[in-house]
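K.L.:
You'll find structure.pdb just under this line, and it carries PDB, C-alpha atoms, pLDDT in the B column.
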```pdb
ATOM      1  CA  MET A   1      77.728 134.879  73.178  1.00 49.00           C
ATOM      2  CA  THR A   2      80.516 132.290  73.000  1.00 66.00           C
ATOM      3  CA  ASP A   3      80.515 129.437  70.506  1.00 76.00           C
ATOM      4  CA  PHE A   4      82.803 127.395  72.749  1.00 89.00           C
ATOM      5  CA  THR A   5      81.408 123.892  73.201  1.00 93.00           C
ATOM      6  CA  ALA A   6      83.485 121.670  75.472  1.00 94.00           C
ATOM      7  CA  GLU A   7      84.682 118.523  73.710  1.00 95.00           C
ATOM      8  CA  ASN A   8      86.460 116.699  76.532  1.00 97.00           C
ATOM      9  CA  GLU A   9      86.904 116.648  80.308  1.00 96.00           C
ATOM     10  CA  LEU A  10      89.739 119.197  80.185  1.00 97.00           C
ATOM     11  CA  GLU A  11      87.558 121.701  78.350  1.00 97.00           C
ATOM     12  CA  GLU A  12      84.622 121.058  80.660  1.00 96.00           C
ATOM     13  CA  ALA A  13      86.888 121.756  83.651  1.00 95.00           C
ATOM     14  CA  LEU A  14      88.338 124.851  81.954  1.00 95.00           C
ATOM     15  CA  VAL A  15      84.898 126.357  81.351  1.00 94.00           C
ATOM     16  CA  ARG A  16      83.761 125.616  84.902  1.00 93.00           C
ATOM     17  CA  ALA A  17      86.926 127.119  86.418  1.00 90.00           C
ATOM     18  CA  ALA A  18      86.652 130.258  84.285  1.00 89.00           C
ATOM     19  CA  ASP A  19      83.079 130.800  85.424  1.00 87.00           C
ATOM     20  CA  ASP A  20      83.566 129.642  89.030  1.00 88.00           C
ATOM     21  CA  PRO A  21      87.043 129.708  90.676  1.00 85.00           C
ATOM     22  CA  SER A  22      86.030 126.926  93.073  1.00 87.00           C
ATOM     23  CA  TYR A  23      86.541 124.519  90.147  1.00 90.00           C
ATOM     24  CA  ALA A  24      90.225 125.492  89.692  1.00 90.00           C
ATOM     25  CA  PRO A  25      91.525 122.292  91.385  1.00 90.00           C
ATOM     26  CA  ASP A  26      89.515 120.168  88.940  1.00 92.00           C
ATOM     27  CA  PHE A  27      90.968 122.119  86.013  1.00 94.00           C
ATOM     28  CA  TYR A  28      94.552 121.518  87.135  1.00 94.00           C
ATOM     29  CA  HIS A  29      93.875 117.812  87.658  1.00 94.00           C
ATOM     30  CA  GLN A  30      92.592 117.553  84.085  1.00 96.00           C
ATOM     31  CA  LEU A  31      95.472 119.633  82.686  1.00 97.00           C
ATOM     32  CA  ILE A  32      98.029 117.380  84.380  1.00 95.00           C
ATOM     33  CA  GLU A  33      96.384 114.096  83.420  1.00 95.00           C
ATOM     34  CA  GLY A  34      94.812 115.056  80.079  1.00 96.00           C
ATOM     35  CA  VAL A  35      96.110 115.659  76.557  1.00 97.00           C
ATOM     36  CA  VAL A  36      97.105 119.016  75.083  1.00 98.00           C
ATOM     37  CA  TYR A  37      97.900 119.741  71.441  1.00 98.00           C
ATOM     38  CA  PHE A  38     100.792 121.783  70.062  1.00 97.00           C
ATOM     39  CA  ILE A  39     101.922 122.929  66.612  1.00 96.00           C
ATOM     40  CA  GLN A  40     105.010 121.244  65.228  1.00 94.00           C
ATOM     41  CA  GLN A  41     107.739 122.963  63.252  1.00 89.00           C
ATOM     42  CA  ALA A  42     110.925 121.759  61.597  1.00 76.00           C
ATOM     43  CA  VAL A  43     114.147 122.875  63.290  1.00 71.00           C
ATOM     44  CA  ALA A  44     117.744 122.466  62.194  1.00 61.00           C
ATOM     45  CA  SER A  45     119.947 120.056  64.105  1.00 61.00           C
ATOM     46  CA  ASP A  46     123.402 118.518  63.743  1.00 63.00           C
ATOM     47  CA  ASP A  47     121.823 115.416  62.232  1.00 64.00           C
ATOM     48  CA  GLY A  48     119.621 117.342  59.811  1.00 55.00           C
ATOM     49  CA  GLN A  49     116.100 118.442  60.648  1.00 55.00           C
ATOM     50  CA  SER A  50     114.079 117.534  63.699  1.00 63.00           C
ATOM     51  CA  VAL A  51     110.641 118.424  64.969  1.00 68.00           C
ATOM     52  CA  GLY A  52     110.231 121.279  67.430  1.00 88.00           C
ATOM     53  CA  ILE A  53     107.371 123.211  69.007  1.00 93.00           C
ATOM     54  CA  ALA A  54     106.152 126.325  67.231  1.00 94.00           C
ATOM     55  CA  SER A  55     105.897 129.591  69.147  1.00 95.00           C
ATOM     56  CA  MET A  56     103.491 132.494  68.656  1.00 93.00           C
ATOM     57  CA  GLU A  57     103.708 136.224  69.394  1.00 93.00           C
ATOM     58  CA  ILE A  58     100.824 137.472  71.519  1.00 91.00           C
ATOM     59  CA  ASP A  59     100.709 141.121  72.632  1.00 90.00           C
ATOM     60  CA  GLY A  60     104.402 141.526  71.874  1.00 92.00           C
ATOM     61  CA  ARG A  61     105.547 138.440  73.783  1.00 94.00           C
ATOM     62  CA  GLN A  62     106.520 134.985  72.571  1.00 95.00           C
ATOM     63  CA  TYR A  63     104.499 132.054  73.878  1.00 96.00           C
ATOM     64  CA  LEU A  64     104.262 128.372  73.147  1.00 97.00           C
ATOM     65  CA  PRO A  65     100.603 127.918  72.181  1.00 97.00           C
ATOM     66  CA  ILE A  66      98.814 124.775  73.309  1.00 98.00           C
ATOM     67  CA  PHE A  67      95.238 123.723  72.778  1.00 98.00           C
ATOM     68  CA  SER A  68      92.717 121.734  74.756  1.00 98.00           C
ATOM     69  CA  SER A  69      91.390 120.004  71.628  1.00 97.00           C
ATOM     70  CA  VAL A  70      92.045 119.769  67.900  1.00 97.00           C
ATOM     71  CA  THR A  71      88.977 121.945  67.319  1.00 96.00           C
ATOM     72  CA  ARG A  72      90.479 124.740  69.427  1.00 96.00           C
ATOM     73  CA  LEU A  73      93.721 124.512  67.400  1.00 96.00           C
ATOM     74  CA  GLN A  74      91.913 124.608  64.062  1.00 94.00           C
ATOM     75  CA  LYS A  75      89.860 127.652  65.092  1.00 93.00           C
ATOM     76  CA  ALA A  76      93.016 129.546  66.108  1.00 93.00           C
ATOM     77  CA  ILE A  77      95.222 128.642  63.122  1.00 92.00           C
ATOM     78  CA  SER A  78      93.970 129.266  59.588  1.00 87.00           C
ATOM     79  CA  ASP A  79      97.064 127.862  57.845  1.00 89.00           C
ATOM     80  CA  GLU A  80      97.665 124.175  57.312  1.00 91.00           C
ATOM     81  CA  VAL A  81      99.943 122.915  60.086  1.00 92.00           C
ATOM     82  CA  THR A  82     101.103 119.678  61.593  1.00 94.00           C
ATOM     83  CA  TYR A  83     100.346 119.080  65.230  1.00 96.00           C
ATOM     84  CA  ALA A  84     100.716 116.475  67.936  1.00 96.00           C
ATOM     85  CA  GLY A  85      99.074 115.626  71.235  1.00 97.00           C
ATOM     86  CA  VAL A  86     100.905 114.905  74.466  1.00 97.00           C
ATOM     87  CA  ASN A  87     100.140 114.498  78.149  1.00 97.00           C
ATOM     88  CA  GLY A  88      99.847 117.903  79.825  1.00 97.00           C
ATOM     89  CA  ARG A  89     102.428 117.317  82.545  1.00 96.00           C
ATOM     90  CA  GLU A  90     104.881 115.925  79.980  1.00 97.00           C
ATOM     91  CA  PHE A  91     104.460 118.987  77.760  1.00 97.00           C
ATOM     92  CA  PHE A  92     105.370 121.347  80.589  1.00 97.00           C
ATOM     93  CA  ARG A  93     108.307 119.121  81.482  1.00 96.00           C
ATOM     94  CA  MET A  94     109.600 119.319  77.886  1.00 95.00           C
ATOM     95  CA  THR A  95     109.196 123.095  77.688  1.00 96.00           C
ATOM     96  CA  ALA A  96     110.462 124.105  81.129  1.00 94.00           C
ATOM     97  CA  GLY A  97     111.139 127.834  81.386  1.00 92.00           C
ATOM     98  CA  SER A  98     108.921 128.865  78.472  1.00 95.00           C
ATOM     99  CA  PRO A  99     105.732 130.909  78.837  1.00 96.00           C
ATOM    100  CA  VAL A 100     102.715 129.015  77.510  1.00 97.00           C
ATOM    101  CA  MET A 101      99.322 130.188  76.286  1.00 97.00           C
ATOM    102  CA  LEU A 102      96.428 127.748  76.464  1.00 98.00           C
ATOM    103  CA  ASN A 103      93.855 128.268  73.697  1.00 97.00           C
ATOM    104  CA  PRO A 104      94.967 131.600  72.206  1.00 95.00           C
ATOM    105  CA  ALA A 105      92.178 133.391  70.317  1.00 88.00           C
ATOM    106  CA  SER A 106      89.569 131.498  72.339  1.00 92.00           C
ATOM    107  CA  ASP A 107      86.987 132.686  74.852  1.00 91.00           C
ATOM    108  CA  TYR A 108      88.430 130.156  77.294  1.00 94.00           C
ATOM    109  CA  GLY A 109      92.198 130.310  77.571  1.00 93.00           C
ATOM    110  CA  LYS A 110      94.906 130.825  80.144  1.00 94.00           C
ATOM    111  CA  GLU A 111      98.440 132.216  80.354  1.00 95.00           C
ATOM    112  CA  ILE A 112     100.776 129.791  82.113  1.00 95.00           C
ATOM    113  CA  LEU A 113     104.109 131.320  83.123  1.00 94.00           C
ATOM    114  CA  PRO A 114     107.256 129.306  83.985  1.00 95.00           C
ATOM    115  CA  ASP A 115     106.736 129.212  87.769  1.00 92.00           C
ATOM    116  CA  GLU A 116     103.210 127.879  87.369  1.00 92.00           C
ATOM    117  CA  ALA A 117     104.383 125.390  84.738  1.00 95.00           C
ATOM    118  CA  ALA A 118     107.061 124.097  87.118  1.00 95.00           C
ATOM    119  CA  ALA A 119     104.411 123.627  89.812  1.00 92.00           C
ATOM    120  CA  ILE A 120     102.320 121.641  87.320  1.00 94.00           C
ATOM    121  CA  VAL A 121     105.277 119.371  86.539  1.00 95.00           C
ATOM    122  CA  ASP A 122     106.168 118.576  90.149  1.00 91.00           C
ATOM    123  CA  GLY A 123     102.540 118.434  91.263  1.00 87.00           C
ATOM    124  CA  SER A 124     102.880 121.213  93.816  1.00 86.00           C
ATOM    125  CA  ILE A 125     100.169 123.185  91.979  1.00 87.00           C
ATOM    126  CA  LEU A 126      97.766 120.774  93.695  1.00 82.00           C
ATOM    127  CA  ASN A 127      99.394 121.352  97.073  1.00 73.00           C
ATOM    128  CA  MET A 128      99.668 125.126  97.262  1.00 62.00           C
ATOM    129  CA  ALA A 129      98.924 125.539 100.945  1.00 48.00           C
ATOM    130  CA  GLU A 130     101.919 126.562 102.987  1.00 46.00           C
ATOM    131  CA  GLU A 131     101.997 125.039 106.440  1.00 43.00           C
ATOM    132  CA  GLN A 132     101.432 127.739 109.016  1.00 48.00           C
ATOM    133  CA  THR A 133     103.466 127.392 112.194  1.00 46.00           C
ATOM    134  CA  LEU A 134     102.147 129.479 115.073  1.00 48.00           C
ATOM    135  CA  LEU A 135     104.403 129.413 118.101  1.00 43.00           C
ATOM    136  CA  GLN A 136     102.601 128.471 121.281  1.00 49.00           C
ATOM    137  CA  ASP A 137     103.811 131.602 123.052  1.00 56.00           C
ATOM    138  CA  SER A 138     103.190 133.958 120.112  1.00 69.00           C
ATOM    139  CA  THR A 139     101.279 137.134 120.799  1.00 82.00           C
ATOM    140  CA  TYR A 140      98.473 137.762 118.363  1.00 86.00           C
ATOM    141  CA  ILE A 141      95.402 139.906 117.912  1.00 90.00           C
ATOM    142  CA  ILE A 142      92.399 138.303 116.237  1.00 93.00           C
ATOM    143  CA  GLY A 143      89.067 139.849 115.352  1.00 94.00           C
ATOM    144  CA  ASP A 144      86.591 140.593 112.599  1.00 95.00           C
ATOM    145  CA  PRO A 145      88.080 141.719 109.264  1.00 95.00           C
ATOM    146  CA  LYS A 146      88.159 145.500 108.896  1.00 93.00           C
ATOM    147  CA  ILE A 147      87.637 144.983 105.170  1.00 95.00           C
ATOM    148  CA  TYR A 148      85.314 142.029 104.718  1.00 97.00           C
ATOM    149  CA  PRO A 149      86.824 139.657 102.113  1.00 97.00           C
ATOM    150  CA  THR A 150      83.644 139.139 100.122  1.00 97.00           C
ATOM    151  CA  GLU A 151      85.308 137.486  97.120  1.00 96.00           C
ATOM    152  CA  VAL A 152      87.245 135.137  99.401  1.00 97.00           C
ATOM    153  CA  VAL A 153      84.118 134.127 101.287  1.00 98.00           C
ATOM    154  CA  ASN A 154      82.083 133.610  98.117  1.00 97.00           C
ATOM    155  CA  ALA A 155      84.783 131.493  96.479  1.00 95.00           C
ATOM    156  CA  LEU A 156      85.306 129.355  99.582  1.00 97.00           C
ATOM    157  CA  THR A 157      81.566 128.895 100.079  1.00 97.00           C
ATOM    158  CA  ALA A 158      81.281 127.532  96.547  1.00 95.00           C
ATOM    159  CA  LEU A 159      84.205 125.170  97.179  1.00 95.00           C
ATOM    160  CA  PHE A 160      82.987 123.968 100.581  1.00 96.00           C
ATOM    161  CA  LYS A 161      79.564 123.133  99.155  1.00 94.00           C
ATOM    162  CA  LYS A 162      81.338 120.565  96.987  1.00 92.00           C
ATOM    163  CA  ARG A 163      83.232 119.053  99.938  1.00 92.00           C
ATOM    164  CA  LYS A 164      80.850 117.168 102.217  1.00 91.00           C
ATOM    165  CA  SER A 165      83.471 116.924 104.973  1.00 93.00           C
ATOM    166  CA  VAL A 166      83.273 120.669 105.757  1.00 96.00           C
ATOM    167  CA  ALA A 167      80.803 121.394 108.549  1.00 96.00           C
ATOM    168  CA  ARG A 168      81.409 125.098 109.228  1.00 97.00           C
ATOM    169  CA  ALA A 169      83.846 127.850 108.306  1.00 98.00           C
ATOM    170  CA  TRP A 170      84.657 131.297 109.709  1.00 98.00           C
ATOM    171  CA  VAL A 171      86.818 134.196 108.600  1.00 98.00           C
ATOM    172  CA  ALA A 172      88.877 136.539 110.779  1.00 97.00           C
ATOM    173  CA  GLN A 173      91.675 139.078 110.646  1.00 96.00           C
ATOM    174  CA  ILE A 174      94.817 138.253 112.604  1.00 93.00           C
ATOM    175  CA  MET A 175      98.094 139.969 113.452  1.00 90.00           C
ATOM    176  CA  ILE A 176     101.015 137.919 114.805  1.00 84.00           C
ATOM    177  CA  ILE A 177     102.747 140.613 116.836  1.00 81.00           C
ATOM    178  CA  ASP A 178     106.010 138.692 117.307  1.00 73.00           C
ATOM    179  CA  SER A 179     106.756 138.084 113.634  1.00 72.00           C
ATOM    180  CA  ASN A 180     104.307 139.911 111.374  1.00 68.00           C
ATOM    181  CA  PRO A 181     102.361 142.887 112.754  1.00 77.00           C
ATOM    182  CA  LYS A 182     100.605 143.293 109.399  1.00 88.00           C
ATOM    183  CA  PRO A 183      96.984 142.031 109.384  1.00 92.00           C
ATOM    184  CA  THR A 184      96.352 138.894 107.357  1.00 92.00           C
ATOM    185  CA  THR A 185      93.307 136.710 106.753  1.00 95.00           C
ATOM    186  CA  LEU A 186      92.611 133.583 108.774  1.00 95.00           C
ATOM    187  CA  VAL A 187      89.953 131.023 107.870  1.00 97.00           C
ATOM    188  CA  GLY A 188      88.853 128.541 110.500  1.00 96.00           C
ATOM    189  CA  VAL A 189      87.387 125.268 109.249  1.00 97.00           C
ATOM    190  CA  GLU A 190      85.459 122.633 111.181  1.00 96.00           C
ATOM    191  CA  SER A 191      85.724 119.417 109.197  1.00 94.00           C
ATOM    192  CA  ASP A 192      85.146 115.685 109.560  1.00 91.00           C
ATOM    193  CA  THR A 193      88.599 115.047 108.054  1.00 86.00           C
ATOM    194  CA  SER A 194      92.019 116.723 107.995  1.00 83.00           C
ATOM    195  CA  ILE A 195      91.879 120.108 106.305  1.00 87.00           C
ATOM    196  CA  ALA A 196      95.359 119.823 104.694  1.00 84.00           C
ATOM    197  CA  GLU A 197      94.088 118.754 101.267  1.00 84.00           C
ATOM    198  CA  LEU A 198      91.148 121.132 101.513  1.00 90.00           C
ATOM    199  CA  ALA A 199      93.478 124.050 102.257  1.00 90.00           C
ATOM    200  CA  SER A 200      95.531 123.189  99.164  1.00 88.00           C
ATOM    201  CA  GLU A 201      92.419 123.262  96.998  1.00 90.00           C
ATOM    202  CA  ALA A 202      91.333 126.512  98.617  1.00 93.00           C
ATOM    203  CA  HIS A 203      94.637 128.205  97.820  1.00 90.00           C
ATOM    204  CA  LEU A 204      94.167 127.288  94.166  1.00 90.00           C
ATOM    205  CA  VAL A 205      90.682 128.786  94.195  1.00 92.00           C
ATOM    206  CA  LEU A 206      91.874 131.980  95.887  1.00 93.00           C
ATOM    207  CA  GLN A 207      94.454 132.657  93.180  1.00 86.00           C
ATOM    208  CA  GLN A 208      91.534 133.902  91.102  1.00 84.00           C
ATOM    209  CA  VAL A 209      90.054 136.405  93.586  1.00 92.00           C
ATOM    210  CA  SER A 210      90.869 139.679  95.317  1.00 93.00           C
ATOM    211  CA  ILE A 211      92.154 139.336  98.903  1.00 94.00           C
ATOM    212  CA  PRO A 212      92.083 142.542 101.012  1.00 94.00           C
ATOM    213  CA  ASN A 213      94.625 141.277 103.573  1.00 92.00           C
ATOM    214  CA  PRO A 214      96.766 138.508 102.061  1.00 92.00           C
ATOM    215  CA  PRO A 215      97.822 135.837 102.558  1.00 91.00           C
ATOM    216  CA  VAL A 216      94.961 133.564 103.608  1.00 94.00           C
ATOM    217  CA  ASP A 217      95.871 130.891 106.156  1.00 92.00           C
ATOM    218  CA  PHE A 218      93.696 127.991 107.273  1.00 94.00           C
ATOM    219  CA  VAL A 219      93.354 126.443 110.722  1.00 93.00           C
ATOM    220  CA  GLU A 220      91.286 123.537 111.946  1.00 93.00           C
ATOM    221  CA  VAL A 221      88.588 124.441 114.457  1.00 94.00           C
ATOM    222  CA  GLN A 222      87.523 122.000 117.149  1.00 90.00           C
ATOM    223  CA  GLU A 223      86.929 122.199 120.886  1.00 88.00           C
ATOM    224  CA  GLY A 224      90.205 123.077 122.594  1.00 86.00           C
ATOM    225  CA  SER A 225      92.137 123.931 119.427  1.00 84.00           C
ATOM    226  CA  GLU A 226      93.966 127.208 118.972  1.00 83.00           C
ATOM    227  CA  PHE A 227      91.598 130.012 117.939  1.00 89.00           C
ATOM    228  CA  SER A 228      88.540 127.862 118.760  1.00 91.00           C
ATOM    229  CA  ASP A 229      87.488 130.260 121.531  1.00 91.00           C
ATOM    230  CA  HIS A 230      87.284 133.034 118.967  1.00 93.00           C
ATOM    231  CA  PHE A 231      85.682 131.182 116.063  1.00 96.00           C
ATOM    232  CA  LEU A 232      83.138 129.128 118.001  1.00 94.00           C
ATOM    233  CA  GLY A 233      81.717 132.328 119.449  1.00 92.00           C
ATOM    234  CA  GLN A 234      81.172 133.844 115.993  1.00 95.00           C
ATOM    235  CA  THR A 235      78.672 133.259 113.207  1.00 96.00           C
ATOM    236  CA  PRO A 236      80.185 131.070 110.470  1.00 98.00           C
ATOM    237  CA  PHE A 237      80.093 132.310 106.883  1.00 98.00           C
ATOM    238  CA  TYR A 238      79.515 128.714 105.788  1.00 98.00           C
ATOM    239  CA  LYS A 239      77.451 125.990 107.431  1.00 96.00           C
ATOM    240  CA  ARG A 240      76.801 122.565 105.963  1.00 92.00           C
ATOM    241  CA  SER A 241      73.163 121.913 105.152  1.00 82.00           C
ATOM    242  CA  VAL A 242      71.478 119.411 107.457  1.00 60.00           C
ATOM    243  CA  LEU A 243      68.960 118.471 104.772  1.00 53.00           C
ATOM    244  CA  ARG A 244      69.559 115.235 102.928  1.00 46.00           C
ATOM    245  CA  LYS A 245      68.672 114.860  99.293  1.00 46.00           C
ATOM    246  CA  LEU A 246      66.001 112.256  98.634  1.00 43.00           C
ATOM    247  CA  PHE A 247      67.332 111.397  95.192  1.00 42.00           C
TER
END
```
Will you turn the file into structure tokens for me?
P.N.:
Amino acid sequence: MTDFTAENELEEALVRAADDPSYAPDFYHQLIEGVVYFIQQAVASDDGQSVGIASMEIDGRQYLPIFSSVTRLQKAISDEVTYAGVNGREFFRMTAGSPVMLNPASDYGKEILPDEAAAIVDGSILNMAEEQTLLQDSTYIIGDPKIYPTEVVNALTALFKKRKSVARAWVAQIMIIDSNPKPTTLVGVESDTSIAELASEAHLVLQQVSIPNPPVDFVEVQEGSEFSDHFLGQTPFYKRSVLRKLF
């Protein structure tokens, strides 16, 4: 049983995301906007000594350790150290190219490699969906998935329940014969608003799950839209509840 008690919004988001991937977007928002703590060390410079960021060897690899609270730092480091807090995005900007470990020696931590750190700095981590361009005259085959993507469906269902704009969602397998004859996963979403932001959040969530036929692309489903004939004739894996809460 873990003794991890969240002390701030970043830690609350971290715990939720670890237990339920649908909370991953909330975690990244908090990591970008919140404060992380790092261990300081003296380094030699032309002008004498200056303050640098201490590294740590974990499983034979050097990381820059950061912590989601002072408590997490104190539990990981038994020696007396000096430390500082800084905005999360700013930390990754300062340490570009270095692998980072959030909360080493904790039940709730995360490895953050340089590519992911760069996406945190420029904000693209919150906009992971790649725009899918399907040519009007493309030849494709669409049908039920041969291997049902259970983890994908479960993760998206949890996410869509938190987004009131999503009315229904379906999953299919598609092959674009002209450009990519390999089967991939297509999710159709019927929503009251544009699905662009939703698709970005979904891609974050799906980083944590197994996908039988990657990648996963998202299309908007409405009467007359591409693929609507297929999806609207199928049973959705997600359907918004029509019941309204009384309280």
K.L.:
Given the choices A:Asn154, A:Ser78, A:Gln234, A:Gln41, which gets closest to A:Pro21 if the distance is worked out from all atoms listed in the file?
P.N.:
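Of all the options, A:Asn154 lies closest to A:Pro21.
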K.L.:
What is the atom CA of A:Arg93-atom CA of A:Arg72 distance in Å, reported with one decimal?
P.N.:
22.2 Å
K.L.:
Which residues are near A:Val209? Cut-off 9 Å, only C-alpha atoms, ignore same chain within fewer than 2 positions. Put them as a PyMOL selection string.
P.N.:
chain A and resi 21+151-152+155+205-207+211
K.L.:
For stretch 158-170 of chain A, take all atoms listed in the file, fit an axis-aligned box around them, add 4 Å to each of the six sides, then output centre and edge lengths in Å rounded to one decimal, as JSON.
P.N.:
```
{"center_x": 82.1, "center_y": 124.1, "center_z": 103.1, "size_x": 13.1, "size_y": 22.4, "size_z": 21.2}
```
K.L.:
Just so the selection is clear, what residues does the PyMOL selection byres ((chain A and resi 80-88) around 10) cover here, as a compact mmCIF listing (two decimals) with C-alpha atoms, in the frame of the given file?
P.N.:
```txt
# COMPACT_ATOMS: atom_id res chain seq x y z
CA TYR A 28 94.55 121.52 87.14
CA HIS A 29 93.88 117.81 87.66
CA GLN A 30 92.59 117.55 84.08
CA LEU A 31 95.47 119.63 82.69
CA ILE A 32 98.03 117.38 84.38
CA GLU A 33 96.38 114.10 83.42
CA GLY A 34 94.81 115.06 80.08
CA VAL A 35 96.11 115.66 76.56
CA VAL A 36 97.10 119.02 75.08
CA TYR A 37 97.90 119.74 71.44
CA PHE A 38 100.79 121.78 70.06
CA ILE A 39 101.92 122.93 66.61
CA GLN A 40 105.01 121.24 65.23
CA GLN A 41 107.74 122.96 63.25
CA ILE A 53 107.37 123.21 69.01
CA ALA A 54 106.15 126.32 67.23
CA ILE A 66 98.81 124.78 73.31
CA PHE A 67 95.24 123.72 72.78
CA SER A 68 92.72 121.73 74.76
CA SER A 69 91.39 120.00 71.63
CA VAL A 70 92.04 119.77 67.90
CA LEU A 73 93.72 124.51 67.40
CA GLN A 74 91.91 124.61 64.06
CA ILE A 77 95.22 128.64 63.12
CA SER A 78 93.97 129.27 59.59
CA ASP A 79 97.06 127.86 57.84
CA ARG A 89 102.43 117.32 82.54
CA GLU A 90 104.88 115.92 79.98
CA PHE A 91 104.46 118.99 77.76
CA PHE A 92 105.37 121.35 80.59
CA ARG A 93 108.31 119.12 81.48
CA ILE A 120 102.32 121.64 87.32
CA VAL A 121 105.28 119.37 86.54
```
K.L.:
Using Å and a single decimal, report how far atom CA of A:Asp20 sits from atom CA of A:Ile195.
P.N.:
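Between atom CA of A:Ile195 and atom CA of A:Asp20 the gap is 21.4 Å.
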K.L.:
For the atom pair atom CA of A:Lys239 and atom CA of A:Gln222, what is the interatomic distance in Å to one decimal place?
P.N.:
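Atom CA of A:Gln222 lies 14.6 Å from atom CA of A:Lys239.
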K.L.:
Identify, on the basis of all atoms listed in the file, every residue whose closest approach to stretch 164-171 of chain A does not exceed 12 Å; exclude the query and any residue fewer than 5 positions from it along the same chain; express the result as a VMD selection string.
P.N.:
chain A and resid 142 to 150 152 to 154 156 to 159 184 to 195 197 to 199 213 216 to 222 227 to 228 230 to 242 244
K.L.:
Could you spell out the hits of the PyMOL selection byres ((chain A and resi 7) around 12) on the shown file, as JSON, numbers by chain?
P.N.:
{"A": [4, 5, 6, 8, 9, 10, 11, 12, 13, 14, 15, 67, 68, 69, 70, 71, 72]}
K.L.:
Considering all atoms listed in the file, can you say which of A:Pro104, A:Ser98, A:Leu113, A:Ser55 comes closest to A:Ala76?
P.N.:
A:Pro104
K.L.:
From (103.1, 125.6, 81.3), in the file's coordinates, out to 6 Å: which residues are reached, counting only C-alpha atoms? Answer as an MDAnalysis selection string.
P.N.:
chainID A and resid 92 100 112 117
K.L.:
Between A:Ala202, A:Met94, A:Ile141, A:Ala119, which residue has the minimum interatomic distance to A:Met175, considering all atoms listed in the file?
P.N.:
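Ranking A:Ala202, A:Met94, A:Ile141, A:Ala119 by distance to A:Met175, first place goes to A:Ile141.
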K.L.:
Near A:Pro181, counting only C-alpha atoms, which residues have an atom at most 12 Å away, once you skip same-chain residues fewer than 2 positions from it, shown as an mmCIF file with C-alpha atoms, keeping the file's coordinate frame?
P.N.:
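Final output, saved to part-v8.cif:
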```cif
data_model
loop_
_atom_site.group_PDB
_atom_site.id
_atom_site.type_symbol
_atom_site.label_atom_id
_atom_site.label_comp_id
_atom_site.auth_asym_id
_atom_site.auth_seq_id
_atom_site.Cartn_x
_atom_site.Cartn_y
_atom_site.Cartn_z
ATOM 1 C CA SER A 138 103.190 133.958 120.112
ATOM 2 C CA THR A 139 101.279 137.134 120.799
ATOM 3 C CA TYR A 140 98.473 137.762 118.363
ATOM 4 C CA ILE A 141 95.402 139.906 117.912
ATOM 5 C CA ILE A 142 92.399 138.303 116.237
ATOM 6 C CA GLN A 173 91.675 139.078 110.646
ATOM 7 C CA ILE A 174 94.817 138.253 112.604
ATOM 8 C CA MET A 175 98.094 139.969 113.452
ATOM 9 C CA ILE A 176 101.015 137.919 114.805
ATOM 10 C CA ILE A 177 102.747 140.613 116.836
ATOM 11 C CA ASP A 178 106.010 138.692 117.307
ATOM 12 C CA SER A 179 106.756 138.084 113.634
ATOM 13 C CA PRO A 183 96.984 142.031 109.384
ATOM 14 C CA THR A 184 96.352 138.894 107.357
#
```
